[in-house]
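Peer 1: Sharing query.cif here; it has mmCIF, N, CA and C atoms and all ligand atoms.
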```cif
data_protein
#
loop_
_atom_site.label_atom_id
_atom_site.label_comp_id
_atom_site.auth_asym_id
_atom_site.auth_seq_id
_atom_site.Cartn_x
_atom_site.Cartn_y
_atom_site.Cartn_z
N MET G 1 16.05 1.40 -14.58
CA MET G 1 15.52 0.45 -15.55
C MET G 1 14.60 1.19 -16.52
N ASN G 2 14.61 0.76 -17.76
CA ASN G 2 13.79 1.34 -18.81
C ASN G 2 12.30 1.08 -18.51
N ASP G 3 11.49 2.14 -18.55
CA ASP G 3 10.07 2.00 -18.23
C ASP G 3 9.33 1.09 -19.20
N SER G 4 9.86 0.93 -20.41
CA SER G 4 9.19 0.07 -21.39
C SER G 4 9.38 -1.41 -21.07
N LEU G 5 10.28 -1.69 -20.12
CA LEU G 5 10.54 -3.07 -19.73
C LEU G 5 9.81 -3.45 -18.44
N ILE G 6 9.21 -2.46 -17.81
CA ILE G 6 8.53 -2.72 -16.54
C ILE G 6 7.05 -2.99 -16.81
N LEU G 7 6.65 -4.23 -16.62
CA LEU G 7 5.25 -4.60 -16.84
C LEU G 7 4.44 -4.30 -15.59
N ILE G 8 3.42 -3.50 -15.75
CA ILE G 8 2.50 -3.24 -14.63
C ILE G 8 1.34 -4.23 -14.70
N CYS G 9 0.79 -4.41 -15.89
CA CYS G 9 -0.29 -5.38 -16.07
C CYS G 9 0.22 -6.51 -16.97
N ARG G 10 0.52 -7.61 -16.37
CA ARG G 10 1.08 -8.72 -17.15
C ARG G 10 0.01 -9.46 -17.94
N CYS G 11 -1.22 -9.38 -17.52
CA CYS G 11 -2.30 -10.03 -18.29
C CYS G 11 -2.52 -9.32 -19.62
N GLU G 12 -2.50 -7.99 -19.61
CA GLU G 12 -2.79 -7.21 -20.81
C GLU G 12 -1.53 -6.58 -21.40
N ASP G 13 -0.37 -6.94 -20.86
CA ASP G 13 0.91 -6.50 -21.41
C ASP G 13 1.02 -4.97 -21.44
N VAL G 14 0.73 -4.32 -20.33
CA VAL G 14 0.80 -2.86 -20.23
C VAL G 14 2.03 -2.49 -19.42
N THR G 15 2.85 -1.62 -20.00
CA THR G 15 4.10 -1.24 -19.33
C THR G 15 3.97 0.09 -18.59
N LEU G 16 4.94 0.35 -17.75
CA LEU G 16 4.99 1.62 -17.03
C LEU G 16 5.10 2.78 -18.01
N GLU G 17 5.85 2.59 -19.07
CA GLU G 17 6.00 3.64 -20.08
C GLU G 17 4.64 4.02 -20.70
N GLU G 18 3.83 3.01 -21.02
CA GLU G 18 2.51 3.28 -21.61
C GLU G 18 1.62 4.03 -20.63
N ILE G 19 1.72 3.68 -19.35
CA ILE G 19 0.92 4.37 -18.33
C ILE G 19 1.35 5.82 -18.22
N LYS G 20 2.65 6.06 -18.22
CA LYS G 20 3.15 7.44 -18.13
C LYS G 20 2.72 8.26 -19.35
N GLU G 21 2.78 7.65 -20.54
CA GLU G 21 2.36 8.35 -21.76
C GLU G 21 0.87 8.70 -21.69
N ALA G 22 0.05 7.74 -21.25
CA ALA G 22 -1.39 7.97 -21.15
C ALA G 22 -1.68 9.05 -20.11
N PHE G 23 -0.97 9.01 -19.00
CA PHE G 23 -1.14 10.01 -17.94
C PHE G 23 -0.87 11.41 -18.50
N ASN G 24 0.21 11.53 -19.27
CA ASN G 24 0.56 12.83 -19.84
C ASN G 24 -0.42 13.28 -20.91
N LYS G 25 -1.20 12.33 -21.47
CA LYS G 25 -2.23 12.70 -22.46
C LYS G 25 -3.55 13.08 -21.78
N GLY G 26 -3.62 12.91 -20.45
CA GLY G 26 -4.82 13.32 -19.74
C GLY G 26 -5.61 12.21 -19.08
N PHE G 27 -5.14 10.98 -19.22
CA PHE G 27 -5.81 9.86 -18.55
C PHE G 27 -5.24 9.76 -17.14
N LYS G 28 -5.86 10.48 -16.21
CA LYS G 28 -5.25 10.68 -14.90
C LYS G 28 -5.94 9.96 -13.76
N ASP G 29 -6.89 9.07 -14.07
CA ASP G 29 -7.51 8.28 -13.00
C ASP G 29 -7.58 6.82 -13.44
N ILE G 30 -7.83 5.97 -12.48
CA ILE G 30 -7.78 4.53 -12.74
C ILE G 30 -8.80 4.12 -13.80
N GLU G 31 -10.01 4.63 -13.70
CA GLU G 31 -11.05 4.21 -14.63
C GLU G 31 -10.72 4.61 -16.07
N SER G 32 -10.23 5.82 -16.28
CA SER G 32 -9.91 6.25 -17.64
C SER G 32 -8.70 5.48 -18.18
N LEU G 33 -7.73 5.19 -17.31
CA LEU G 33 -6.58 4.39 -17.75
C LEU G 33 -7.01 2.96 -18.07
N ARG G 34 -7.92 2.47 -17.29
CA ARG G 34 -8.44 1.12 -17.52
C ARG G 34 -9.13 1.02 -18.88
N ARG G 35 -9.93 2.01 -19.19
CA ARG G 35 -10.63 2.00 -20.48
C ARG G 35 -9.67 2.25 -21.64
N HIS G 36 -8.69 3.11 -21.44
CA HIS G 36 -7.75 3.45 -22.52
C HIS G 36 -6.75 2.32 -22.80
N LEU G 37 -6.22 1.69 -21.76
CA LEU G 37 -5.15 0.70 -21.94
C LEU G 37 -5.58 -0.74 -21.70
N ASN G 38 -6.81 -0.93 -21.28
CA ASN G 38 -7.31 -2.28 -20.91
C ASN G 38 -6.61 -2.84 -19.68
N ILE G 39 -5.93 -1.98 -18.96
CA ILE G 39 -5.26 -2.46 -17.75
C ILE G 39 -6.32 -2.88 -16.74
N GLY G 40 -6.10 -4.03 -16.15
CA GLY G 40 -7.04 -4.54 -15.15
C GLY G 40 -8.20 -5.32 -15.73
N THR G 41 -8.17 -5.57 -17.03
CA THR G 41 -9.28 -6.29 -17.65
C THR G 41 -8.89 -7.71 -18.06
N GLY G 42 -7.73 -8.15 -17.65
CA GLY G 42 -7.28 -9.49 -18.01
C GLY G 42 -7.85 -10.56 -17.09
N PRO G 43 -7.34 -11.77 -17.22
CA PRO G 43 -7.87 -12.90 -16.44
C PRO G 43 -7.87 -12.69 -14.93
N CYS G 44 -6.93 -11.93 -14.39
CA CYS G 44 -6.93 -11.74 -12.93
C CYS G 44 -7.82 -10.58 -12.52
N GLN G 45 -8.40 -9.87 -13.52
CA GLN G 45 -9.31 -8.75 -13.27
C GLN G 45 -8.72 -7.67 -12.36
N GLY G 46 -7.43 -7.43 -12.52
CA GLY G 46 -6.79 -6.35 -11.79
C GLY G 46 -6.27 -6.70 -10.41
N LYS G 47 -6.40 -7.93 -10.05
CA LYS G 47 -5.94 -8.34 -8.72
C LYS G 47 -4.47 -7.99 -8.50
N THR G 48 -3.68 -8.14 -9.56
CA THR G 48 -2.25 -7.87 -9.47
C THR G 48 -1.91 -6.43 -9.83
N CYS G 49 -2.48 -5.93 -10.90
CA CYS G 49 -2.02 -4.66 -11.46
C CYS G 49 -2.69 -3.42 -10.88
N ILE G 50 -3.91 -3.50 -10.42
CA ILE G 50 -4.57 -2.29 -9.93
C ILE G 50 -3.83 -1.70 -8.72
N PRO G 51 -3.37 -2.51 -7.76
CA PRO G 51 -2.57 -1.91 -6.68
C PRO G 51 -1.28 -1.24 -7.19
N LEU G 52 -0.66 -1.84 -8.21
CA LEU G 52 0.53 -1.21 -8.80
C LEU G 52 0.17 0.08 -9.52
N LEU G 53 -0.96 0.06 -10.20
CA LEU G 53 -1.43 1.27 -10.89
C LEU G 53 -1.74 2.38 -9.89
N GLU G 54 -2.36 2.03 -8.77
CA GLU G 54 -2.65 3.04 -7.74
C GLU G 54 -1.37 3.68 -7.24
N LYS G 55 -0.37 2.86 -6.99
CA LYS G 55 0.92 3.37 -6.50
C LYS G 55 1.57 4.27 -7.57
N THR G 56 1.52 3.83 -8.82
CA THR G 56 2.10 4.60 -9.91
C THR G 56 1.39 5.94 -10.08
N LEU G 57 0.05 5.92 -10.03
CA LEU G 57 -0.71 7.17 -10.16
C LEU G 57 -0.41 8.12 -9.01
N ALA G 58 -0.27 7.57 -7.82
CA ALA G 58 0.07 8.42 -6.67
C ALA G 58 1.41 9.11 -6.89
N GLN G 59 2.38 8.37 -7.41
CA GLN G 59 3.69 8.96 -7.68
C GLN G 59 3.62 10.02 -8.77
N LEU G 60 2.89 9.70 -9.86
CA LEU G 60 2.81 10.63 -10.99
C LEU G 60 2.06 11.90 -10.64
N SER G 61 1.03 11.78 -9.81
CA SER G 61 0.22 12.96 -9.49
C SER G 61 0.68 13.67 -8.22
N GLY G 62 1.61 13.05 -7.50
CA GLY G 62 2.12 13.68 -6.28
C GLY G 62 1.13 13.62 -5.12
N LYS G 63 0.16 12.73 -5.21
CA LYS G 63 -0.83 12.59 -4.14
C LYS G 63 -0.47 11.40 -3.25
N ASN G 64 -0.97 11.47 -2.03
CA ASN G 64 -0.75 10.35 -1.11
C ASN G 64 -1.76 9.23 -1.33
N GLU G 65 -2.98 9.63 -1.70
CA GLU G 65 -4.05 8.64 -1.90
C GLU G 65 -4.68 8.83 -3.26
N ILE G 66 -5.03 7.71 -3.87
CA ILE G 66 -5.71 7.71 -5.16
C ILE G 66 -7.05 7.04 -4.97
N GLU G 67 -8.08 7.64 -5.59
CA GLU G 67 -9.40 7.01 -5.52
C GLU G 67 -9.33 5.68 -6.27
N THR G 68 -9.70 4.64 -5.59
CA THR G 68 -9.55 3.31 -6.19
C THR G 68 -10.89 2.83 -6.75
N ILE G 69 -10.83 1.70 -7.41
CA ILE G 69 -12.03 1.07 -7.95
C ILE G 69 -12.16 -0.30 -7.32
N SER G 70 -13.33 -0.85 -7.39
CA SER G 70 -13.49 -2.20 -6.86
C SER G 70 -13.12 -3.20 -7.94
N THR G 71 -12.38 -4.20 -7.56
CA THR G 71 -12.01 -5.25 -8.51
C THR G 71 -12.91 -6.45 -8.28
N ARG G 72 -13.07 -7.22 -9.31
CA ARG G 72 -13.91 -8.40 -9.21
C ARG G 72 -13.14 -9.64 -9.63
N PRO G 73 -12.10 -10.00 -8.87
CA PRO G 73 -11.34 -11.19 -9.26
C PRO G 73 -12.20 -12.44 -9.07
N PRO G 74 -11.98 -13.45 -9.90
CA PRO G 74 -12.72 -14.68 -9.71
C PRO G 74 -12.41 -15.27 -8.34
N GLU G 75 -13.43 -15.81 -7.72
CA GLU G 75 -13.22 -16.40 -6.40
C GLU G 75 -12.26 -17.58 -6.50
N SER G 76 -12.40 -18.32 -7.56
CA SER G 76 -11.47 -19.40 -7.84
C SER G 76 -11.41 -19.58 -9.35
N PRO G 77 -10.32 -20.11 -9.88
CA PRO G 77 -10.21 -20.30 -11.33
C PRO G 77 -11.31 -21.23 -11.85
N VAL G 78 -11.84 -20.87 -13.01
CA VAL G 78 -12.89 -21.68 -13.62
C VAL G 78 -12.41 -22.14 -14.99
N PRO G 79 -12.37 -23.45 -15.25
CA PRO G 79 -11.94 -23.93 -16.57
C PRO G 79 -12.92 -23.48 -17.65
N PHE G 80 -12.41 -23.16 -18.85
CA PHE G 80 -13.26 -22.69 -19.94
C PHE G 80 -14.30 -23.74 -20.33
N GLY G 81 -13.98 -24.99 -20.14
CA GLY G 81 -14.91 -26.06 -20.51
C GLY G 81 -16.26 -25.92 -19.83
N VAL G 82 -16.29 -25.33 -18.67
CA VAL G 82 -17.55 -25.13 -17.94
C VAL G 82 -18.47 -24.22 -18.75
N PHE G 83 -17.92 -23.17 -19.33
CA PHE G 83 -18.74 -22.23 -20.10
C PHE G 83 -19.16 -22.85 -21.44
N ILE G 84 -18.30 -23.62 -22.04
CA ILE G 84 -18.62 -24.26 -23.32
C ILE G 84 -19.79 -25.23 -23.15
N LYS G 85 -19.75 -26.00 -22.10
CA LYS G 85 -20.83 -26.96 -21.85
C LYS G 85 -22.15 -26.26 -21.64
N ARG G 86 -22.12 -25.10 -20.95
CA ARG G 86 -23.36 -24.36 -20.69
C ARG G 86 -23.93 -23.76 -21.95
N GLY G 87 -23.06 -23.40 -22.92
CA GLY G 87 -23.51 -22.76 -24.15
C GLY G 87 -24.07 -23.71 -25.18
N LYS G 88 -23.80 -25.01 -25.05
CA LYS G 88 -24.26 -26.00 -26.04
C LYS G 88 -25.75 -26.29 -25.84
N LYS G 89 -26.45 -26.39 -26.98
CA LYS G 89 -27.86 -26.78 -26.91
C LYS G 89 -27.96 -28.28 -26.87
N GLU G 90 -28.83 -28.74 -26.07
CA GLU G 90 -28.99 -30.20 -25.94
C GLU G 90 -30.15 -30.71 -26.74
S1 LIG G 101 -2.27 -8.18 -14.26
FE1 LIG G 101 -3.63 -6.73 -15.03
S2 LIG G 101 -5.49 -7.80 -15.35
FE2 LIG G 101 -4.12 -9.26 -14.57
#
```
Kindly transcribe the structure held in the file into structure tokens.
Peer 2:
Amino acid sequence: MNDSLILICRCEDVTLEEIKEAFNKGFKDIESLRRHLNIGTGPCQGKTCIPLLEKTLAQLSGKNEIETISTRPPESPVPFGVFIKRGKKE
């Protein structure tokens, strides 16, 4: 399958092809890829894509283990209206 069709981060629309290109440019760890591609910064905060990114980085670098980062997924979904109400002056 074409790497440009494989979505690793569906929140930020990052494909496997983009990750491979960034890796070849020198972005070889999760944090630098996260900053460069915004992977893991979408609504799920990496809950879905960071494990896929770890696996991809392990394959690309030939390592068995990749240093991971801590993710901060929301404990439960929060409607945007909650934040709007808090921001309004009464
Ligand atoms: S899938 Fe990457 S941040 Fe949600």
Peer 1: From the set G:Pro77, G:Cys9, G:Leu57, G:Asn24, which residue has the shortest atom-to-atom contact distance to Leu37 (chain G), counting only C-alpha atoms?
Peer 2: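 Ranked by minimum distance to Leu37 (chain G), first place goes to G:Cys9.
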Peer 1: My list of candidates is G:Ser76, G:Ser32, G:Asn38, G:Gln59. Which is closest to ligand LIG 101 (chain G) when distances are computed with all atoms listed in the file?
Peer 2: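 Closest residue, counting all atoms listed in the file: G:Asn38.
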Peer 1: Using only N, CA and C atoms and all ligand atoms, find each protein or nucleic acid residue lying at most 7 Å from ligand LIG 101 (chain G); present the set as a list in words.
Peer 2: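 Taking only N, CA and C atoms and all ligand atoms into account, the residues around ligand LIG 101 (chain G) at most 7 Å away are Ile8, Cys9, Arg10, Cys11, Glu12, Asp13, Asn38, Ile39, Gly40, Thr41, Gly42, Pro43, Cys44, Gln45, Gly46, Lys47, Thr48, Cys49 and Ile50 of chain G.
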Peer 1: Excluding same-chain residues fewer than 2 positions from Lys20 (chain G), what lies within 9 Å of it counting only C-alpha atoms, as a PDB file with N, CA and C atoms, keeping the file's coordinate frame?
Peer 2:
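As written to disk, around.pdb reads:
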```pdb
ATOM      1  N   ASP G   3      11.490   2.140 -18.550  1.00  0.00           N
ATOM      2  CA  ASP G   3      10.070   2.000 -18.230  1.00  0.00           C
ATOM      3  C   ASP G   3       9.330   1.090 -19.200  1.00  0.00           C
ATOM      4  N   THR G  15       2.850  -1.620 -20.000  1.00  0.00           N
ATOM      5  CA  THR G  15       4.100  -1.240 -19.330  1.00  0.00           C
ATOM      6  C   THR G  15       3.970   0.090 -18.590  1.00  0.00           C
ATOM      7  N   LEU G  16       4.940   0.350 -17.750  1.00  0.00           N
ATOM      8  CA  LEU G  16       4.990   1.620 -17.030  1.00  0.00           C
ATOM      9  C   LEU G  16       5.100   2.780 -18.010  1.00  0.00           C
ATOM     10  N   GLU G  17       5.850   2.590 -19.070  1.00  0.00           N
ATOM     11  CA  GLU G  17       6.000   3.640 -20.080  1.00  0.00           C
ATOM     12  C   GLU G  17       4.640   4.020 -20.700  1.00  0.00           C
ATOM     13  N   GLU G  18       3.830   3.010 -21.020  1.00  0.00           N
ATOM     14  CA  GLU G  18       2.510   3.280 -21.610  1.00  0.00           C
ATOM     15  C   GLU G  18       1.620   4.030 -20.630  1.00  0.00           C
ATOM     16  N   ALA G  22       0.050   7.740 -21.250  1.00  0.00           N
ATOM     17  CA  ALA G  22      -1.390   7.970 -21.150  1.00  0.00           C
ATOM     18  C   ALA G  22      -1.680   9.050 -20.110  1.00  0.00           C
ATOM     19  N   PHE G  23      -0.970   9.010 -19.000  1.00  0.00           N
ATOM     20  CA  PHE G  23      -1.140  10.010 -17.940  1.00  0.00           C
ATOM     21  C   PHE G  23      -0.870  11.410 -18.500  1.00  0.00           C
ATOM     22  N   ASN G  24       0.210  11.530 -19.270  1.00  0.00           N
ATOM     23  CA  ASN G  24       0.560  12.830 -19.840  1.00  0.00           C
ATOM     24  C   ASN G  24      -0.420  13.280 -20.910  1.00  0.00           C
ATOM     25  N   LYS G  25      -1.200  12.330 -21.470  1.00  0.00           N
ATOM     26  CA  LYS G  25      -2.230  12.700 -22.460  1.00  0.00           C
ATOM     27  C   LYS G  25      -3.550  13.080 -21.780  1.00  0.00           C
ATOM     28  N   THR G  56       1.520   3.830  -8.820  1.00  0.00           N
ATOM     29  CA  THR G  56       2.100   4.600  -9.910  1.00  0.00           C
ATOM     30  C   THR G  56       1.390   5.940 -10.080  1.00  0.00           C
ATOM     31  N   LEU G  57       0.050   5.920 -10.030  1.00  0.00           N
ATOM     32  CA  LEU G  57      -0.710   7.170 -10.160  1.00  0.00           C
ATOM     33  C   LEU G  57      -0.410   8.120  -9.010  1.00  0.00           C
ATOM     34  N   LEU G  60       2.890   9.700  -9.860  1.00  0.00           N
ATOM     35  CA  LEU G  60       2.810  10.630 -10.990  1.00  0.00           C
ATOM     36  C   LEU G  60       2.060  11.900 -10.640  1.00  0.00           C
TER      37      LEU G  60
END
```
Peer 1: What is the distance between CA of Asn64 (chain G) and atom C of Leu7 (chain G), in Å to one decimal?
Peer 2: 21.2 Å
Peer 1: Could you jot down the CA of Asn2 (chain G) to CA of Gly26 (chain G) separation for me, Å, one decimal place?
Peer 2: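 Distance between the two atoms: 22.2 Å.
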Peer 1: What's the separation between CA of Thr68 (chain G) and CA of His36 (chain G), in Å to one decimal place?
Peer 2: 16.4 Å
Peer 1: Let me have the centre and edge lengths of the axis-aligned box enclosing all listed atoms of region 40-50 of chain G with 6 Å padding on every side, in Å to one decimal, as lines of an AutoDock Vina configuration file.
Peer 2:
```
center_x = -5.6
center_y = -7.3
center_z = -13.3
size_x = 19.4
size_y = 23.2
size_z = 21.6
```
Peer 1: Where in chain G does DSSP assign strand (DSSP E), given as JSON, numbers by chain?
Peer 2: {"G": [7, 8, 9, 14, 15]}
Peer 1: Could you write out, as a PyMOL selection string, all the residues of chain G that DSSP marks as helix (DSSP H, G or I)?
Peer 2: chain G and resi 3-5+16-25+30-37+49-61+80-87
Peer 1: For Glu65 (chain G), find every residue with an atom within 9 Å (counting only C-alpha atoms), except residues of its own chain fewer than 2 positions away, and show them as a ChimeraX atom specification.
Peer 2: /G:54-55,58,63,67-68
Peer 1: Residues of the last selection are to be written out with N, CA and C atoms, as a short mmCIF file (atom, residue, chain, number, x, y, z; two decimals), keeping the file's coordinate frame.
Peer 2:
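Final output, saved to selection.cif:
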```
data_model
loop_
_atom_site.label_atom_id
_atom_site.label_comp_id
_atom_site.auth_asym_id
_atom_site.auth_seq_id
_atom_site.Cartn_x
_atom_site.Cartn_y
_atom_site.Cartn_z
N GLU G 54 -2.36 2.03 -8.77
CA GLU G 54 -2.65 3.04 -7.74
C GLU G 54 -1.37 3.68 -7.24
N LYS G 55 -0.37 2.86 -6.99
CA LYS G 55 0.92 3.37 -6.50
C LYS G 55 1.57 4.27 -7.57
N ALA G 58 -0.27 7.57 -7.82
CA ALA G 58 0.07 8.42 -6.67
C ALA G 58 1.41 9.11 -6.89
N LYS G 63 0.16 12.73 -5.21
CA LYS G 63 -0.83 12.59 -4.14
C LYS G 63 -0.47 11.40 -3.25
N GLU G 67 -8.08 7.64 -5.59
CA GLU G 67 -9.40 7.01 -5.52
C GLU G 67 -9.33 5.68 -6.27
N THR G 68 -9.70 4.64 -5.59
CA THR G 68 -9.55 3.31 -6.19
C THR G 68 -10.89 2.83 -6.75
#
```
